[in-house]
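Next comes run-v9.cif, with mmCIF, C-alpha atoms.
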```
data_my_file
loop_
_atom_site.label_atom_id
_atom_site.label_comp_id
_atom_site.auth_asym_id
_atom_site.auth_seq_id
_atom_site.Cartn_x
_atom_site.Cartn_y
_atom_site.Cartn_z
CA MET F 4 0.00 0.00 0.00
CA SER F 5 1.44 3.39 -0.96
CA GLU F 6 2.08 6.17 1.54
CA ALA F 7 -0.67 8.29 0.00
CA SER F 8 -3.30 5.61 0.50
CA SER F 9 -2.19 4.50 3.99
CA GLU F 10 -3.77 7.50 5.64
CA LEU F 11 -7.12 9.25 5.37
CA ARG F 12 -7.68 13.01 5.63
CA VAL F 13 -10.88 13.22 7.63
CA SER F 14 -12.81 16.46 8.15
CA LEU F 15 -15.30 16.17 10.97
CA TRP F 16 -17.95 18.69 11.95
CA ARG F 17 -17.23 20.03 15.41
CA GLY F 18 -19.59 22.13 17.49
CA GLY F 19 -23.29 22.86 17.17
CA ALA F 20 -25.15 24.61 14.39
CA GLU F 21 -22.41 27.28 14.30
CA GLY F 22 -19.50 24.84 14.30
CA ARG F 23 -16.76 24.17 11.74
CA TYR F 24 -14.94 21.26 10.09
CA GLU F 25 -11.68 20.11 11.67
CA THR F 26 -9.26 17.80 9.92
CA TYR F 27 -7.72 14.63 11.38
CA ARG F 28 -5.35 11.97 10.06
CA VAL F 29 -6.65 8.43 10.39
CA PRO F 30 -4.83 5.22 9.36
CA ARG F 31 -6.46 3.49 6.43
CA ARG F 32 -7.34 -0.17 6.91
CA ASP F 33 -8.89 -2.95 4.89
CA SER F 34 -12.69 -3.23 5.06
CA GLN F 35 -12.80 0.00 7.06
CA THR F 36 -16.19 1.64 7.46
CA VAL F 37 -16.92 5.33 7.92
CA LEU F 38 -18.10 4.53 11.44
CA ASP F 39 -14.72 2.89 12.11
CA VAL F 40 -13.05 6.16 11.09
CA VAL F 41 -15.22 8.26 13.40
CA THR F 42 -14.66 5.80 16.25
CA TYR F 43 -10.89 5.91 15.68
CA VAL F 44 -10.87 9.70 16.04
CA GLN F 45 -12.89 9.52 19.25
CA ARG F 46 -10.81 6.76 20.83
CA HIS F 47 -7.32 7.82 19.72
CA ILE F 48 -7.33 11.53 18.93
CA ASP F 49 -10.18 13.45 20.60
CA PRO F 50 -12.41 11.74 23.17
CA THR F 51 -14.74 14.77 23.26
CA LEU F 52 -16.06 13.95 19.77
CA SER F 53 -19.81 13.24 19.97
CA TYR F 54 -21.57 10.85 17.61
CA ARG F 55 -24.26 8.19 17.83
CA PHE F 56 -24.21 4.49 17.04
CA ALA F 57 -25.44 1.24 18.54
CA CYS F 58 -25.58 -2.00 16.57
CA ARG F 59 -22.82 -1.44 13.94
CA VAL F 60 -24.55 -3.91 11.61
CA GLY F 61 -27.19 -1.81 9.84
CA MET F 62 -30.15 -2.67 12.02
CA CYS F 63 -30.63 0.11 14.57
CA GLY F 64 -30.56 3.15 12.27
CA SER F 65 -28.69 5.38 14.71
CA CYS F 66 -25.37 6.09 12.96
CA ALA F 67 -26.49 8.04 9.88
CA MET F 68 -24.33 11.05 8.99
CA THR F 69 -23.53 13.19 5.98
CA VAL F 70 -20.54 11.63 4.24
CA ASN F 71 -18.89 13.62 1.44
CA GLY F 72 -22.14 15.49 0.93
CA ARG F 73 -24.53 12.50 0.96
CA PRO F 74 -26.53 11.13 3.87
CA ARG F 75 -25.45 7.55 4.57
CA TRP F 76 -25.55 4.86 7.24
CA THR F 77 -21.93 4.96 8.34
CA CYS F 78 -21.68 1.46 9.81
CA ARG F 79 -22.36 -0.16 6.43
CA THR F 80 -20.53 2.38 4.27
CA HIS F 81 -17.05 1.25 3.36
CA VAL F 82 -14.39 3.93 3.14
CA ALA F 83 -13.15 2.41 -0.12
CA LYS F 84 -16.55 3.13 -1.66
CA VAL F 85 -16.74 6.82 -0.76
CA ALA F 86 -13.16 8.07 -0.28
CA GLY F 87 -11.31 7.14 -3.43
CA SER F 88 -9.15 10.25 -3.13
CA GLY F 89 -8.33 9.52 0.52
CA ALA F 90 -10.44 12.42 1.80
CA LEU F 91 -13.60 12.18 3.90
CA GLU F 92 -15.86 14.97 5.04
CA ILE F 93 -18.28 13.79 7.70
CA GLY F 94 -21.00 16.00 9.12
CA PRO F 95 -24.29 15.64 10.98
CA LEU F 96 -27.48 14.78 9.10
CA GLU F 97 -29.11 17.74 7.40
CA ASN F 98 -32.66 18.97 8.08
CA LEU F 99 -32.30 18.18 11.80
CA PRO F 100 -30.98 20.35 14.66
CA VAL F 101 -27.37 19.62 15.58
CA ILE F 102 -26.85 18.74 19.24
CA LYS F 103 -23.06 18.54 19.05
CA ASP F 104 -20.53 17.41 16.44
CA LEU F 105 -22.07 14.50 14.51
CA ALA F 106 -25.10 13.94 16.75
CA THR F 107 -28.41 15.43 15.63
CA ASP F 108 -31.61 15.83 17.60
CA MET F 109 -33.96 13.21 16.14
CA ALA F 110 -36.97 14.50 18.10
CA PRO F 111 -38.55 16.42 15.17
CA PHE F 112 -38.17 13.30 13.00
CA PHE F 113 -40.06 11.08 15.45
CA GLU F 114 -42.61 13.79 16.31
CA LYS F 115 -43.61 13.76 12.65
CA TRP F 116 -43.87 9.97 12.82
CA ARG F 117 -46.42 10.50 15.58
CA GLU F 118 -48.22 13.28 13.67
CA ALA F 119 -48.60 10.89 10.73
CA LYS F 120 -50.28 8.41 13.12
CA GLY F 121 -47.38 6.02 12.78
CA ALA F 122 -48.44 3.96 15.81
CA PHE F 123 -50.40 0.75 15.28
CA ALA F 124 -54.04 1.08 16.40
CA PRO F 125 -55.27 -2.38 17.37
CA SER F 126 -58.68 -3.53 16.21
CA ARG F 127 -58.82 -6.63 18.45
CA THR F 128 -58.07 -7.60 21.99
CA ARG F 129 -55.64 -10.26 23.12
CA THR F 130 -58.52 -12.63 23.68
CA ASP F 131 -59.58 -12.47 20.02
CA PRO F 132 -58.16 -15.03 17.61
CA MET F 133 -55.14 -14.02 15.52
CA PRO F 134 -56.25 -12.57 12.16
CA ARG F 135 -55.15 -14.51 9.12
CA ILE F 136 -53.29 -12.26 6.66
CA ARG F 137 -52.55 -13.83 3.29
CA PRO F 138 -48.92 -13.08 2.32
CA ASP F 139 -49.96 -12.72 -1.32
CA SER F 140 -52.79 -10.27 -0.69
CA PRO F 141 -52.23 -6.88 -2.43
CA ALA F 142 -52.36 -4.99 0.89
CA ARG F 143 -49.76 -7.28 2.51
CA ILE F 144 -47.49 -7.01 -0.53
CA ALA F 145 -47.73 -3.20 -0.38
CA ALA F 146 -46.95 -3.20 3.35
CA ASP F 147 -44.06 -5.65 2.89
CA ALA F 148 -42.41 -3.36 0.35
CA ALA F 149 -42.16 -0.55 2.91
CA ILE F 150 -41.98 -2.33 6.28
CA GLU F 151 -38.20 -2.73 6.66
CA CYS F 152 -37.53 0.95 7.44
CA ILE F 153 -35.03 1.31 10.33
CA ASN F 154 -35.73 5.03 10.90
CA CYS F 155 -32.16 6.07 10.24
CA GLY F 156 -33.31 9.51 9.00
CA VAL F 157 -31.29 9.32 5.77
CA CYS F 158 -34.39 9.93 3.60
CA TYR F 159 -35.44 12.84 5.83
CA ALA F 160 -31.99 14.43 5.50
CA ALA F 161 -31.97 13.92 1.72
CA CYS F 162 -35.46 15.35 1.12
CA ASP F 163 -35.64 18.72 -0.63
CA THR F 164 -39.25 19.20 0.43
CA VAL F 165 -38.33 18.79 4.12
CA ARG F 166 -35.65 21.44 3.56
CA TRP F 167 -38.13 23.90 2.01
CA ASN F 168 -41.21 23.12 4.09
CA GLY F 169 -40.63 22.72 7.81
CA GLY F 170 -44.15 21.42 8.29
CA TYR F 171 -43.76 18.52 5.84
CA LEU F 172 -44.05 15.14 7.57
CA GLY F 173 -41.23 13.66 5.49
CA PRO F 174 -40.70 10.37 3.69
CA ALA F 175 -40.08 8.08 6.68
CA ALA F 176 -43.25 9.06 8.58
CA LEU F 177 -45.38 8.82 5.44
CA ASN F 178 -43.79 5.50 4.51
CA ARG F 179 -44.71 4.21 7.96
CA ALA F 180 -48.27 5.50 7.58
CA TRP F 181 -48.54 3.62 4.27
CA THR F 182 -47.57 0.32 5.91
CA LEU F 183 -50.35 0.80 8.48
CA VAL F 184 -52.90 1.86 5.86
CA ASN F 185 -52.24 -1.55 4.33
CA ASP F 186 -52.37 -3.42 7.65
CA GLU F 187 -55.72 -5.19 7.76
CA ARG F 188 -55.49 -5.44 11.57
CA ASP F 189 -55.21 -1.69 12.10
CA ALA F 190 -58.24 0.37 13.16
CA GLY F 191 -56.74 3.87 12.93
CA ASN F 192 -56.97 4.63 9.24
CA ALA F 193 -59.66 7.31 9.42
CA ALA F 194 -57.47 9.51 11.62
CA ARG F 195 -54.33 8.45 9.74
CA LEU F 196 -55.67 9.41 6.31
CA GLN F 197 -56.93 12.68 7.78
CA ALA F 198 -53.44 13.39 9.18
CA VAL F 199 -51.52 12.62 5.98
CA ALA F 200 -54.05 14.48 3.77
CA ALA F 201 -53.62 17.78 5.65
CA SER F 202 -51.24 20.59 4.72
CA GLY F 203 -47.68 19.25 5.12
CA GLY F 204 -48.84 15.70 4.43
CA CYS F 205 -48.33 13.41 1.45
CA HIS F 206 -49.51 15.97 -1.11
CA ALA F 207 -46.59 18.25 -0.29
CA CYS F 208 -44.21 15.66 -1.82
CA HIS F 209 -42.71 16.72 -5.17
CA SER F 210 -41.69 13.15 -6.08
CA HIS F 211 -38.02 14.13 -6.44
CA GLN F 212 -37.24 10.58 -5.25
CA SER F 213 -34.17 11.58 -3.21
CA CYS F 214 -35.54 9.35 -0.43
CA GLN F 215 -35.54 6.36 -2.73
CA GLU F 216 -32.10 7.26 -4.14
CA HIS F 217 -30.48 7.49 -0.69
CA CYS F 218 -32.36 4.86 1.34
CA PRO F 219 -29.71 2.39 2.57
CA LEU F 220 -32.26 -0.41 2.47
CA SER F 221 -33.37 0.45 -1.08
CA LEU F 222 -36.91 1.13 0.04
CA ASP F 223 -39.07 3.41 -2.07
CA PRO F 224 -40.85 5.95 0.17
CA THR F 225 -41.85 7.90 -2.96
CA ALA F 226 -44.02 4.95 -4.01
CA SER F 227 -45.52 4.77 -0.51
CA ILE F 228 -46.33 8.50 -0.66
CA ALA F 229 -47.87 8.06 -4.11
CA GLY F 230 -50.05 5.32 -2.62
CA LEU F 231 -51.15 7.69 0.14
CA LYS F 232 -51.94 10.37 -2.44
CA ARG F 233 -54.20 7.98 -4.33
CA ARG F 234 -55.85 6.60 -1.19
CA THR F 235 -56.54 10.05 0.30
CA ALA F 236 -57.80 11.46 -3.01
CA VAL F 237 -60.32 8.62 -3.30
CA ALA F 238 -61.37 9.09 0.33
CA TYR F 239 -61.81 12.83 -0.25
CA LEU F 240 -63.92 12.30 -3.36
CA LYS F 241 -66.09 9.89 -1.36
CA GLY F 242 -66.56 12.57 1.29
CA GLU F 243 -64.66 10.61 3.94
CA LEU F 244 -62.04 13.35 4.50
CA LYS F 245 -62.50 16.94 5.61
CA PRO F 246 -59.35 18.92 4.69
CA MET H 10 -50.92 21.45 -0.22
CA ASN H 11 -53.79 19.47 1.20
CA VAL H 12 -55.91 16.81 -0.47
CA ARG H 13 -58.57 19.29 -1.65
CA LEU H 14 -56.01 21.42 -3.53
CA TYR H 15 -54.34 18.25 -4.81
CA VAL H 16 -57.58 16.92 -6.29
CA TRP H 17 -58.36 20.27 -7.91
CA GLN H 18 -54.88 20.61 -9.37
CA ARG H 19 -54.71 17.06 -10.71
CA GLY H 20 -58.32 17.29 -11.91
CA THR H 21 -57.71 20.48 -13.87
CA ALA H 22 -54.47 18.98 -15.25
CA ALA H 23 -56.39 15.95 -16.52
CA LEU H 24 -59.02 18.25 -18.02
CA MET H 25 -56.35 20.29 -19.81
CA VAL H 26 -54.77 17.28 -21.54
CA PRO H 27 -57.42 17.09 -24.30
CA LEU H 28 -57.91 20.86 -24.26
CA VAL H 29 -54.20 21.52 -24.93
CA ALA H 30 -54.12 18.84 -27.63
CA LEU H 31 -57.08 20.40 -29.44
CA HIS H 32 -55.65 23.89 -28.97
CA LEU H 33 -52.38 22.80 -30.63
CA ALA H 34 -54.32 21.16 -33.45
CA VAL H 35 -56.24 24.41 -33.98
CA ILE H 36 -52.97 26.37 -34.14
CA PHE H 37 -51.51 23.97 -36.71
CA TYR H 38 -54.71 24.06 -38.75
CA ALA H 39 -54.93 27.85 -38.71
CA THR H 40 -51.31 28.31 -39.80
CA ARG H 41 -51.37 25.52 -42.40
CA GLN H 42 -54.55 26.91 -43.93
CA ASP H 43 -53.15 30.46 -43.90
CA LEU H 44 -56.21 31.69 -42.05
CA SER H 45 -56.22 35.44 -41.50
CA ALA H 46 -57.45 37.07 -38.30
CA ALA H 47 -60.66 37.93 -40.12
CA ASP H 48 -61.11 34.29 -41.21
CA ILE H 49 -60.66 33.10 -37.63
CA LEU H 50 -63.06 35.70 -36.23
CA THR H 51 -65.65 34.67 -38.82
CA ARG H 52 -65.53 31.16 -37.39
CA THR H 53 -65.45 32.12 -33.71
CA ARG H 54 -67.88 35.07 -33.52
CA GLY H 55 -71.14 33.94 -31.95
CA SER H 56 -69.89 30.38 -31.54
CA ILE H 57 -71.11 28.83 -28.32
CA ALA H 58 -68.81 25.85 -28.92
CA TRP H 59 -65.59 27.90 -29.21
CA GLY H 60 -66.68 30.16 -26.36
CA GLY H 61 -67.40 27.18 -24.15
CA TYR H 62 -64.20 25.38 -25.14
CA TYR H 63 -61.85 28.28 -24.47
CA GLY H 64 -63.88 29.43 -21.46
CA LEU H 65 -63.38 26.01 -19.91
CA PHE H 66 -59.70 26.20 -20.81
CA VAL H 67 -59.32 29.57 -19.06
CA ALA H 68 -61.11 28.32 -15.94
CA ALA H 69 -58.90 25.19 -15.76
CA VAL H 70 -55.69 27.17 -16.30
CA SER H 71 -56.63 29.78 -13.68
CA ILE H 72 -57.31 27.15 -11.01
CA HIS H 73 -54.36 24.91 -11.90
CA ALA H 74 -51.78 27.70 -12.12
CA ALA H 75 -53.01 29.44 -8.97
CA ILE H 76 -52.59 26.25 -6.89
CA GLY H 77 -49.09 25.76 -8.32
CA VAL H 78 -48.11 29.35 -7.59
CA ARG H 79 -49.47 28.98 -4.06
CA ASN H 80 -47.12 26.04 -3.49
CA VAL H 81 -44.13 27.92 -4.86
CA LEU H 82 -44.89 30.96 -2.68
CA ALA H 83 -45.40 28.83 0.44
CA GLU H 84 -42.14 26.92 -0.08
CA TRP H 85 -39.84 29.68 -1.26
CA LEU H 86 -40.99 32.78 0.60
CA PRO H 87 -41.47 33.32 4.34
CA LEU H 88 -45.26 33.51 4.00
CA THR H 89 -48.00 31.84 6.00
CA ASP H 90 -50.22 29.36 4.14
CA ARG H 91 -53.05 31.88 4.44
CA ARG H 92 -51.03 34.70 2.91
CA ALA H 93 -49.72 32.47 0.11
CA GLY H 94 -53.31 31.40 -0.55
CA GLN H 95 -54.50 35.01 -0.78
CA LEU H 96 -51.76 35.92 -3.26
CA ALA H 97 -52.50 32.78 -5.29
CA VAL H 98 -56.22 33.60 -5.44
CA ALA H 99 -55.33 37.09 -6.68
CA PHE H 100 -53.06 35.56 -9.34
CA GLY H 101 -55.78 33.11 -10.38
CA LEU H 102 -58.34 35.90 -10.65
CA LEU H 103 -55.92 37.92 -12.79
CA LEU H 104 -55.47 34.96 -15.14
CA ALA H 105 -59.23 34.43 -15.27
CA VAL H 106 -59.97 38.07 -16.08
CA LEU H 107 -57.30 38.24 -18.81
CA GLY H 108 -58.36 34.89 -20.21
CA PHE H 109 -62.11 35.50 -20.26
CA ARG H 110 -61.46 38.95 -21.76
CA ALA H 111 -59.52 37.30 -24.60
CA VAL H 112 -62.26 34.70 -25.11
CA ALA H 113 -64.90 37.43 -25.19
CA ALA H 114 -62.87 39.35 -27.77
CA VAL H 115 -62.97 36.48 -30.28
CA VAL H 116 -66.43 35.12 -29.52
CA LEU H 117 -68.63 38.17 -28.89
#
```

Show me the file's structure as structure tokens.
Amino acid sequence: MSEASSELRVSLWRGGAEGRYETYRVPRRDSQTVLDVVTYVQRHIDPTLSYRFACRVGMCGSCAMTVNGRPRWTCRTHVAKVAGSGALEIGPLENLPVIKDLATDMAPFFEKWREAKGAFAPSRTRTDPMPRIRPDSPARIAADAAIECINCGVCYAACDTVRWNGGYLGPAALNRAWTLVNDERDAGNAARLQAVAASGGCHACHSHQSCQEHCPLSLDPTASIAGLKRRTAVAYLKGELKP
Amino acid sequence: MNVRLYVWQRGTAALMVPLVALHLAVIFYATRQDLSAADILTRTRGSIAWGGYYGLFVAAVSIHAAIGVRNVLAEWLPLTDRRAGQLAVAFGLLLAVLGFRAVAAVVL
């Protein structure tokens, strides 16, 4: 390995909203992830560096950051894939308040999840028999396509509409709402459709598809939002929604 | 944008698809046939069909464009939804007045 490629030049965001990028030198290793790089800085160079992670295997959705200008899950992003020149610029996710360094405040993200009625509303009690959901039913197939979201916030950070419209619920919350709209066991769809049909709901989406482009799990929130647009439009025309 | 504005905007867009197609066909026909302004006015004066067709076109354009402008204003300027809506209604009314005036000029 040449001298030039044995070391990474890593710029990390330091401070809050008014912070700045500071540059560090980090040894380059085989199969190194961006999260490995951040962890190296914190453990060997500056222990005051703040960032967030948990599982390190792409399941918990807590380690997303902006890497060379793109929102990514850092634990599953290999340095070799994003730092061909040997330079990395790592910042906090966009469209969310910065707490410190690389850690953002995810509260607005999850508040919008709640506003979109992203919680399951049971239609049965525990004494009722389990409902039988056919895996090949159209509703189950639609829910399956969107259900694997890990709430990493990458789509929210990538969304132009979130950037322009602070009241927009965002792709993750609407994607979650779409899974529940297609859940035959759920009893909360009247309130859910009302919530996503209001100003700042699914109809604010411009279908830029940045969420789909950046989603680390290759989900398609744009398709989920399009489904909500159709479902709410039909409900409105039937007089079931009062905007 | 809420679902009511969405339905109106998509509905007027769907309505304009055949209207725009016919409008383009009329333009091609008029130019290919070398129709003069007088020839065109002979055909349109007193025509309920042309008046209705272009009147519908003006109404659809005014609604569709006003909703689009409302979205642009709400996203790009520091305006409340209410203020953006008021400006958009004013813009839509302006389009409607100009459009209906033009329709009246060729039909009446």

Show me, as JSON lines, the residues of chain F having an atom within 10 Å of chain H, each with the closest atom pair and its distance in Å, using all atoms listed in the file.
```
{"residue": "F:Thr164", "atom": "CA", "partner": "H:Glu84", "partner_atom": "CA", "distance": 8.3}
{"residue": "F:Val165", "atom": "CA", "partner": "H:Glu84", "partner_atom": "CA", "distance": 9.9}
{"residue": "F:Arg166", "atom": "CA", "partner": "H:Glu84", "partner_atom": "CA", "distance": 9.2}
{"residue": "F:Trp167", "atom": "CA", "partner": "H:Glu84", "partner_atom": "CA", "distance": 5.4}
{"residue": "F:Asn168", "atom": "CA", "partner": "H:Glu84", "partner_atom": "CA", "distance": 5.7}
{"residue": "F:Gly169", "atom": "CA", "partner": "H:Glu84", "partner_atom": "CA", "distance": 9.1}
{"residue": "F:Tyr171", "atom": "CA", "partner": "H:Met10", "partner_atom": "CA", "distance": 9.8}
{"residue": "F:Gln197", "atom": "CA", "partner": "H:Val12", "partner_atom": "CA", "distance": 9.3}
{"residue": "F:Val199", "atom": "CA", "partner": "H:Asn11", "partner_atom": "CA", "distance": 8.7}
{"residue": "F:Ala200", "atom": "CA", "partner": "H:Val12", "partner_atom": "CA", "distance": 5.2}
{"residue": "F:Ala201", "atom": "CA", "partner": "H:Asn11", "partner_atom": "CA", "distance": 4.8}
{"residue": "F:Ser202", "atom": "CA", "partner": "H:Asn11", "partner_atom": "CA", "distance": 4.5}
{"residue": "F:Gly203", "atom": "CA", "partner": "H:Met10", "partner_atom": "CA", "distance": 6.6}
{"residue": "F:Gly204", "atom": "CA", "partner": "H:Asn11", "partner_atom": "CA", "distance": 7.0}
{"residue": "F:Cys205", "atom": "CA", "partner": "H:Asn11", "partner_atom": "CA", "distance": 8.2}
{"residue": "F:His206", "atom": "CA", "partner": "H:Met10", "partner_atom": "CA", "distance": 5.7}
{"residue": "F:Ala207", "atom": "CA", "partner": "H:Met10", "partner_atom": "CA", "distance": 5.4}
{"residue": "F:Cys208", "atom": "CA", "partner": "H:Met10", "partner_atom": "CA", "distance": 9.0}
{"residue": "F:Lys232", "atom": "CA", "partner": "H:Val12", "partner_atom": "CA", "distance": 7.8}
{"residue": "F:Arg233", "atom": "CA", "partner": "H:Val16", "partner_atom": "CA", "distance": 9.8}
{"residue": "F:Thr235", "atom": "CA", "partner": "H:Val12", "partner_atom": "CA", "distance": 6.8}
{"residue": "F:Ala236", "atom": "CA", "partner": "H:Val12", "partner_atom": "CA", "distance": 6.2}
{"residue": "F:Val237", "atom": "CA", "partner": "H:Val16", "partner_atom": "CA", "distance": 9.2}
{"residue": "F:Ala238", "atom": "CA", "partner": "H:Val12", "partner_atom": "CA", "distance": 9.5}
{"residue": "F:Tyr239", "atom": "CA", "partner": "H:Val12", "partner_atom": "CA", "distance": 7.1}
{"residue": "F:Leu240", "atom": "CA", "partner": "H:Val16", "partner_atom": "CA", "distance": 8.4}
{"residue": "F:Leu244", "atom": "CA", "partner": "H:Val12", "partner_atom": "CA", "distance": 8.6}
{"residue": "F:Lys245", "atom": "CA", "partner": "H:Arg13", "partner_atom": "CA", "distance": 8.6}
{"residue": "F:Pro246", "atom": "CA", "partner": "H:Arg13", "partner_atom": "CA", "distance": 6.4}
```

- prompt: In Å, with one decimal, what is the gap from atom CA of F:Gly61 to atom CA of F:Leu99?
  reply: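 That distance, rounded to one decimal, is 20.7 Å.
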
- request: Go through the shown structure with the PyMOL selection byres ((chain F and resi 28) around 7) and write out the matching residues as a VMD selection string.
  value: chain F and resid 10 to 13 27 29 to 30

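Distance-wise, atom CA of F:Gln35 and atom CA of F:Leu96 end up 20.9 Å apart.
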
field: Which of F:Asp104, F:Pro134, F:Asp186, F:Gln212 sits closest to F:Pro50 [using only C-alpha atoms]
entry: F:Asp104

message: Which residues are near F:Val184? Cut-off 10 Å, only C-alpha atoms, ignore same chain within fewer than 6 positions. Put them as a ChimeraX atom specification.
response: /F:121,123,142,145-146,178,190-193,195-196,230-231,234

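The interatomic distance for the pair atom CA of F:Arg17 and atom CA of F:Cys155 works out to 21.1 Å.
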
Starting from the displayed file, determine the output of the PyMOL selection byres ((chain H and resi 18-29) around 8) and express the residue list as a compact mmCIF listing (two decimals) with C-alpha atoms, in the frame of the given file.
```
# COMPACT_ATOMS: atom_id res chain seq x y z
CA LEU H 14 -56.01 21.42 -3.53
CA TYR H 15 -54.34 18.25 -4.81
CA VAL H 16 -57.58 16.92 -6.29
CA TRP H 17 -58.36 20.27 -7.91
CA ALA H 30 -54.12 18.84 -27.63
CA LEU H 31 -57.08 20.40 -29.44
CA HIS H 32 -55.65 23.89 -28.97
CA LEU H 33 -52.38 22.80 -30.63
CA TYR H 62 -64.20 25.38 -25.14
CA PHE H 66 -59.70 26.20 -20.81
CA ALA H 69 -58.90 25.19 -15.76
CA VAL H 70 -55.69 27.17 -16.30
CA ILE H 72 -57.31 27.15 -11.01
CA HIS H 73 -54.36 24.91 -11.90
CA ILE H 76 -52.59 26.25 -6.89
CA GLY H 77 -49.09 25.76 -8.32
```

field: Residue with smallest distance to F:Arg31 - pool F:Gln215, F:Asn71, F:Ser9, F:Ser14, counting all atoms listed in the file
entry: F:Ser9

- prompt: Can you tell me, as a ChimeraX atom specification, what residues are no more than 12 Å from F:Cys158 when counting only C-alpha atoms, ignoring any on the same chain fewer than 2 positions away?
  reply: /F:64,67-69,73-76,96-99,112,152-156,160-166,172-178,211-225

message: Residues near H:Arg79, anyone? I mean within 8 Å using only C-alpha atoms, not counting same-chain ones fewer than 5 positions away, as number ranges by chain.
response: H: 93-94, 96-97

Write out the residues from the selection above, keeping C-alpha atoms, as an mmCIF file, in the coordinates of the input.
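File result_25.cif, as written:
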```
data_model
loop_
_atom_site.group_PDB
_atom_site.id
_atom_site.type_symbol
_atom_site.label_atom_id
_atom_site.label_comp_id
_atom_site.auth_asym_id
_atom_site.auth_seq_id
_atom_site.Cartn_x
_atom_site.Cartn_y
_atom_site.Cartn_z
ATOM 1 C CA ALA H 93 -49.720 32.470 0.110
ATOM 2 C CA GLY H 94 -53.310 31.400 -0.550
ATOM 3 C CA LEU H 96 -51.760 35.920 -3.260
ATOM 4 C CA ALA H 97 -52.500 32.780 -5.290
#
```

With only C-alpha atoms counted and 10 Å as the cut-off, give the residues of stretch 61-114 of chain H in contact with stretch 35-54 of chain H, each with its shortest interatomic distance in Å and the pair that gives it, as a tab-separated table.
```
residue	atom	partner	partner_atom	distance
H:Val112	CA	H:Thr53	CA	9.5
H:Ala113	CA	H:Arg54	CA	9.2
H:Ala114	CA	H:Arg54	CA	8.7
```

statement: One residue among F:Gly170, F:Ala90, F:Glu114, F:Lys84 is nearest to H:Thr89 when using all atoms listed in the file, and that residue is F:Gly170

task: Please write as a PyMOL selection string the full residue list that the PyMOL selection byres ((chain F and resi 136) around 12) yields on this file.
output: chain F and resi 133-135+137-144+146-147+185-188

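Comparing F:Ala119, F:Asp189, F:Ile48, F:Arg79 by their smallest distance to F:Met62, the closest is F:Arg79 (using only C-alpha atoms).
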
What box, with edges along x, y and z, holds each listed atom of stretch 53-62 of chain H when 6 Å is added on every side, and can you state its centre and edge lengths in Å to one decimal, as AutoDock Vina command-line options?
```
--center_x -67.7 --center_y 30.2 --center_z -28.9 --size_x 18.9 --size_y 21.7 --size_z 21.6
```

Missing atoms in stretch 59-67 of chain F should be modelled up to N, CA, C and O atoms and reported as an mmCIF file, in the frame of the given file.
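See selection04.cif below for the written result:
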```cif
data_model
loop_
_atom_site.group_PDB
_atom_site.id
_atom_site.type_symbol
_atom_site.label_atom_id
_atom_site.label_comp_id
_atom_site.auth_asym_id
_atom_site.auth_seq_id
_atom_site.Cartn_x
_atom_site.Cartn_y
_atom_site.Cartn_z
ATOM 1 N N ARG F 59 -23.946 -1.333 14.879
ATOM 2 C CA ARG F 59 -22.820 -1.440 13.940
ATOM 3 C C ARG F 59 -23.053 -2.435 12.810
ATOM 4 O O ARG F 59 -22.131 -2.786 12.088
ATOM 5 N N VAL F 60 -24.276 -2.927 12.671
ATOM 6 C CA VAL F 60 -24.550 -3.910 11.610
ATOM 7 C C VAL F 60 -25.757 -3.513 10.750
ATOM 8 O O VAL F 60 -26.367 -4.361 10.117
ATOM 9 N N GLY F 61 -26.125 -2.238 10.748
ATOM 10 C CA GLY F 61 -27.190 -1.810 9.840
ATOM 11 C C GLY F 61 -28.589 -2.177 10.272
ATOM 12 O O GLY F 61 -29.465 -2.345 9.430
ATOM 13 N N MET F 62 -28.804 -2.323 11.555
ATOM 14 C CA MET F 62 -30.150 -2.670 12.020
ATOM 15 C C MET F 62 -30.803 -1.564 12.843
ATOM 16 O O MET F 62 -32.016 -1.390 12.811
ATOM 17 N N CYS F 63 -30.015 -0.807 13.609
ATOM 18 C CA CYS F 63 -30.630 0.110 14.570
ATOM 19 C C CYS F 63 -30.962 1.477 13.981
ATOM 20 O O CYS F 63 -31.834 2.176 14.477
ATOM 21 N N GLY F 64 -30.266 1.884 12.913
ATOM 22 C CA GLY F 64 -30.560 3.150 12.270
ATOM 23 C C GLY F 64 -30.089 4.374 13.027
ATOM 24 O O GLY F 64 -30.628 5.458 12.841
ATOM 25 N N SER F 65 -29.091 4.232 13.884
ATOM 26 C CA SER F 65 -28.690 5.380 14.710
ATOM 27 C C SER F 65 -27.426 6.084 14.234
ATOM 28 O O SER F 65 -27.110 7.151 14.750
ATOM 29 N N CYS F 66 -26.693 5.543 13.281
ATOM 30 C CA CYS F 66 -25.370 6.090 12.960
ATOM 31 C C CYS F 66 -25.329 6.906 11.674
ATOM 32 O O CYS F 66 -24.248 7.165 11.148
ATOM 33 N N ALA F 67 -26.484 7.322 11.159
ATOM 34 C CA ALA F 67 -26.490 8.040 9.880
ATOM 35 C C ALA F 67 -25.821 9.411 10.024
ATOM 36 O O ALA F 67 -26.030 10.113 11.012
#
```
